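Data first, discussion second: the structure below is written as structure tokens.
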Amino acid sequence: MSNNGIDILIRGARIVDGTGNPWFYGDVAITGERIQEIAPPGHISPARAREVVNAEGLVVSPGFIDILSHSHVPLMRDPRDLSKITQGVTLEVMGEGWSPAPVGGQITDSFADLSPQERELVREWIEPAKGWTRFRHWLEAMVEHGVSPNVGSFLGGGTLREYVMGLRMGDPTQDELERMRRVMAEAMEDGAFGVSYALIYPPDTYTSTEELIEVAKVAGLYGGIYVTHLRSEGEQLLEAIEEAITIGREANVPVEIYHLKASGSHNWQKMQLAIEHIQRAREAGIDVTADMYPYPGSGTGLSSVLPPWLAEGGSMYQRLSDPAVRERVRAEVLDPSGEWEALAHGIGPEGVMPIGFERSENQQYVGKRLSEIAEMRGQHWIDAVIDLLISEQQRIFTIYFSMDEANVALGLRQPWVKISTDAGGVDPTWARPHGPTHPRSYGTYPRVLAKYVREERHLALEDAIRKMSGAVAARLGLRDRGLLLPGYYADVVLFDPQTIADRATFEDAHQLSTGVRDVWVNGTRVIRNSQHTGATPGHFVRGSGAR
């Protein structure tokens, strides 16, 4: 036993160490940024510690790692990451389809696609961001400014394509593909965890399987992974999974499937088939895993009910004003070809709830189903969508009630599925006036621990924690985070397993979760007695290819 001084001694907790092993009682000693010692109860003298934390009746675990975070913009507005830190999140991993860097090539403004409201949140960053010519620059800038959680990212695949090709459809030339490979290699050397494509959104959706393979090969050479929002989560779910598996096999790279789901009630039976398909691939030696959030509703733009060719060249809203384009869109939405993900198909307008309106005249529609909005306007729902997008000139964040609760539980039980939020961290004080959001921003991890562990017993506590910490760290190639072990960074959560719970709902999302008492990031306490301390000790956590 070491005789060195200790900064923090957490005594008497049940230790759930992130490995999936059974909990045990013990004491955790933190010195500086690292865990110094883990010992049986009472084996470390309190006299050695600068501060002793009584944790009887509580669980101590590794901090949770969100492999699918959208905190890019919120952290620029508010570095405290309140709605995520209060869930126990200590590492935010961003980059689904988009990363604010690198800037260059065809990209002159990282934030050009943000809505006016979102651009206002990052107003002070817009000019400095134009100098982020390397992937690492934005994450370095975040840490220099100060952030409460650790931060890391994938290179956004859409950002990579736009950097080289703008918003043009079609295949890259050989020179363009070589530029993509070069920028991908630079990003990996800058610390990217790999590359992430969101294949239902432009310009990601314009990529071919062959292009994805060539880019993913570069990520794999540096020990990175290929991450995908599948090309389809509904009609073509199984085919989309097969594409991801093909990319993994041909590029010799691990594959992570974002927010695994079967969308649309007529596709719910495909969830079991999807799981079997992934399991067969794993048995054949293909390294493919997935993550999920614990909600039956997804969240993305209302614009996603329309075909992606509209966005080519960045002129979607102007095109929608053309009567001929409007008629073509109407025909394709009512009878989708299957070549693109028509999000309203299969759930109908009654399953679509737009909430991200910014113009005052449209506030009357917030939280109403698209079927109600169409009736209020005296329009067919497709015409309502088109006119509202023209009015707002932004994508209009929307909830899609497309999933089956039983499938959510089924997916979460799979040993290769991890937990993610698909959301950013906000403070209800400033976020509520901007309108509703998805409850996953506030409640993902406590919801798993309350609903799926304590109440419905779909998961053991130890396995749930593994899916939030150790399994994610292993996927990212992190060898000093995600577990409670001596020498590891002291990203630590202390919570009450009997009271931890989500409070956010689809009707009222801006409610912080409860039950997390204390959180440390790199040995610094950021949550004390469920209150944020204001500390910003977060690091830029780099992937294994960093030079």
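Naming works like this for the structure tokens: A, B, ... for the chains as they're shown, residue 1 at the start of each chain, ligands 1 onward in shown order.
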**Item:** Contacts of A:Arg123 at 12 Å (only C-alpha atoms; same-chain gap of 6+ positions) as number ranges by chain
**Value:** A: 73-74, 76-77, 110-112, 114-117, 129
Do you have, as a Markdown table, the list of residues of stretch 411-498 of chain A lying at most 12 Å from stretch 387-396 of chain A, each with its nearest atom pair and that distance in Å to one decimal, counting only C-alpha atoms and ordered by chain then number?
```
| residue | atom | partner | partner_atom | distance |
| --- | --- | --- | --- | --- |
| A:Gly435 | CA | A:Ile396 | CA | 11.2 |
| A:Pro436 | CA | A:Ile396 | CA | 11.4 |
| A:Thr437 | CA | A:Ile396 | CA | 11.1 |
```
**Request:** Would you list, as a VMD selection string, the residues of stretch 119-167 of chain A that end up in helix (DSSP H, G or I) under DSSP run on this structure's backbone?
**Result:** chain A and resid 119 to 121 123 to 129 136 to 145 157 to 165
Write the residues of the selection above to a file with N, CA and C atoms, as an mmCIF file, in the first residue's frame.
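What ended up in result-v2.cif:
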```cif
data_model
loop_
_atom_site.group_PDB
_atom_site.id
_atom_site.type_symbol
_atom_site.label_atom_id
_atom_site.label_comp_id
_atom_site.auth_asym_id
_atom_site.auth_seq_id
_atom_site.Cartn_x
_atom_site.Cartn_y
_atom_site.Cartn_z
ATOM 1 N N ARG A 119 -26.609 29.751 -34.849
ATOM 2 C CA ARG A 119 -25.473 30.629 -35.138
ATOM 3 C C ARG A 119 -25.304 31.677 -34.041
ATOM 4 N N GLU A 120 -26.406 32.105 -33.469
ATOM 5 C CA GLU A 120 -26.316 33.080 -32.384
ATOM 6 C C GLU A 120 -25.598 32.475 -31.177
ATOM 7 N N LEU A 121 -25.814 31.176 -30.941
ATOM 8 C CA LEU A 121 -25.167 30.508 -29.816
ATOM 9 C C LEU A 121 -23.651 30.491 -29.966
ATOM 10 N N ARG A 123 -21.862 32.725 -31.877
ATOM 11 C CA ARG A 123 -21.496 33.999 -32.504
ATOM 12 C C ARG A 123 -20.016 34.338 -32.291
ATOM 13 N N GLU A 124 -19.520 34.177 -31.063
ATOM 14 C CA GLU A 124 -18.148 34.562 -30.754
ATOM 15 C C GLU A 124 -17.104 33.616 -31.366
ATOM 16 N N TRP A 125 -17.549 32.467 -31.865
ATOM 17 C CA TRP A 125 -16.627 31.475 -32.402
ATOM 18 C C TRP A 125 -16.541 31.521 -33.931
ATOM 19 N N ILE A 126 -17.465 32.199 -34.590
ATOM 20 C CA ILE A 126 -17.560 32.112 -36.050
ATOM 21 C C ILE A 126 -16.283 32.596 -36.730
ATOM 22 N N GLU A 127 -15.753 33.742 -36.332
ATOM 23 C CA GLU A 127 -14.532 34.256 -36.963
ATOM 24 C C GLU A 127 -13.302 33.437 -36.592
ATOM 25 N N PRO A 128 -13.081 33.141 -35.295
ATOM 26 C CA PRO A 128 -11.913 32.304 -34.970
ATOM 27 C C PRO A 128 -11.934 30.948 -35.679
ATOM 28 N N ALA A 129 -13.139 30.407 -35.877
ATOM 29 C CA ALA A 129 -13.249 29.079 -36.488
ATOM 30 C C ALA A 129 -12.744 29.051 -37.923
ATOM 31 N N ARG A 136 -7.576 19.133 -35.419
ATOM 32 C CA ARG A 136 -7.338 19.290 -33.985
ATOM 33 C C ARG A 136 -7.646 20.694 -33.478
ATOM 34 N N HIS A 137 -7.664 21.681 -34.365
ATOM 35 C CA HIS A 137 -7.734 23.068 -33.925
ATOM 36 C C HIS A 137 -8.987 23.375 -33.129
ATOM 37 N N TRP A 138 -10.135 22.806 -33.513
ATOM 38 C CA TRP A 138 -11.364 23.163 -32.792
ATOM 39 C C TRP A 138 -11.388 22.549 -31.398
ATOM 40 N N LEU A 139 -10.861 21.345 -31.273
ATOM 41 C CA LEU A 139 -10.844 20.708 -29.953
ATOM 42 C C LEU A 139 -9.811 21.363 -29.041
ATOM 43 N N GLU A 140 -8.692 21.757 -29.616
ATOM 44 C CA GLU A 140 -7.701 22.497 -28.829
ATOM 45 C C GLU A 140 -8.281 23.830 -28.357
ATOM 46 N N ALA A 141 -9.037 24.486 -29.232
ATOM 47 C CA ALA A 141 -9.648 25.769 -28.864
ATOM 48 C C ALA A 141 -10.675 25.600 -27.751
ATOM 49 N N MET A 142 -11.426 24.506 -27.795
ATOM 50 C CA MET A 142 -12.431 24.243 -26.761
ATOM 51 C C MET A 142 -11.751 24.070 -25.400
ATOM 52 N N VAL A 143 -10.696 23.278 -25.365
ATOM 53 C CA VAL A 143 -10.012 23.007 -24.097
ATOM 54 C C VAL A 143 -9.299 24.257 -23.591
ATOM 55 N N GLU A 144 -8.722 25.020 -24.504
ATOM 56 C CA GLU A 144 -8.071 26.260 -24.094
ATOM 57 C C GLU A 144 -9.087 27.228 -23.475
ATOM 58 N N HIS A 145 -10.293 27.256 -24.032
ATOM 59 C CA HIS A 145 -11.360 28.099 -23.489
ATOM 60 C C HIS A 145 -11.862 27.551 -22.158
ATOM 61 N N GLY A 157 -17.727 12.668 -41.771
ATOM 62 C CA GLY A 157 -17.610 12.267 -43.170
ATOM 63 C C GLY A 157 -18.219 13.285 -44.120
ATOM 64 N N GLY A 158 -19.312 13.928 -43.697
ATOM 65 C CA GLY A 158 -19.907 14.971 -44.516
ATOM 66 C C GLY A 158 -18.982 16.166 -44.642
ATOM 67 N N THR A 159 -18.285 16.496 -43.547
ATOM 68 C CA THR A 159 -17.312 17.583 -43.578
ATOM 69 C C THR A 159 -16.178 17.254 -44.543
ATOM 70 N N LEU A 160 -15.711 16.021 -44.492
ATOM 71 C CA LEU A 160 -14.631 15.594 -45.384
ATOM 72 C C LEU A 160 -15.045 15.726 -46.841
ATOM 73 N N ARG A 161 -16.251 15.255 -47.163
ATOM 74 C CA ARG A 161 -16.701 15.321 -48.563
ATOM 75 C C ARG A 161 -16.917 16.764 -49.000
ATOM 76 N N GLU A 162 -17.513 17.578 -48.132
ATOM 77 C CA GLU A 162 -17.749 18.972 -48.486
ATOM 78 C C GLU A 162 -16.425 19.719 -48.648
ATOM 79 N N TYR A 163 -15.453 19.398 -47.839
ATOM 80 C CA TYR A 163 -14.132 20.016 -47.942
ATOM 81 C C TYR A 163 -13.576 19.851 -49.353
ATOM 82 N N VAL A 164 -13.777 18.683 -49.924
ATOM 83 C CA VAL A 164 -13.194 18.370 -51.228
ATOM 84 C C VAL A 164 -14.153 18.660 -52.382
ATOM 85 N N MET A 165 -15.453 18.376 -52.204
ATOM 86 C CA MET A 165 -16.399 18.414 -53.331
ATOM 87 C C MET A 165 -17.545 19.393 -53.152
#
```
**Asked** Residues at most 10 Å from A:Leu412, counting only C-alpha atoms, excluding those fewer than 4 positions away in the same chain, as number ranges by chain?
**Response** A: 260, 290-294, 407-408, 416-419, 448, 452, 458-459, 464, 467
**Request:** List the neighbours of A:Val53 out to 9 Å using only C-alpha atoms; skip same-chain residues closer than 6 positions along the sequence, and give me the result as a list in words.
**Result:**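 Those residues are Ile8, Leu9, Ile10, Arg11 and Gly12 of chain A.
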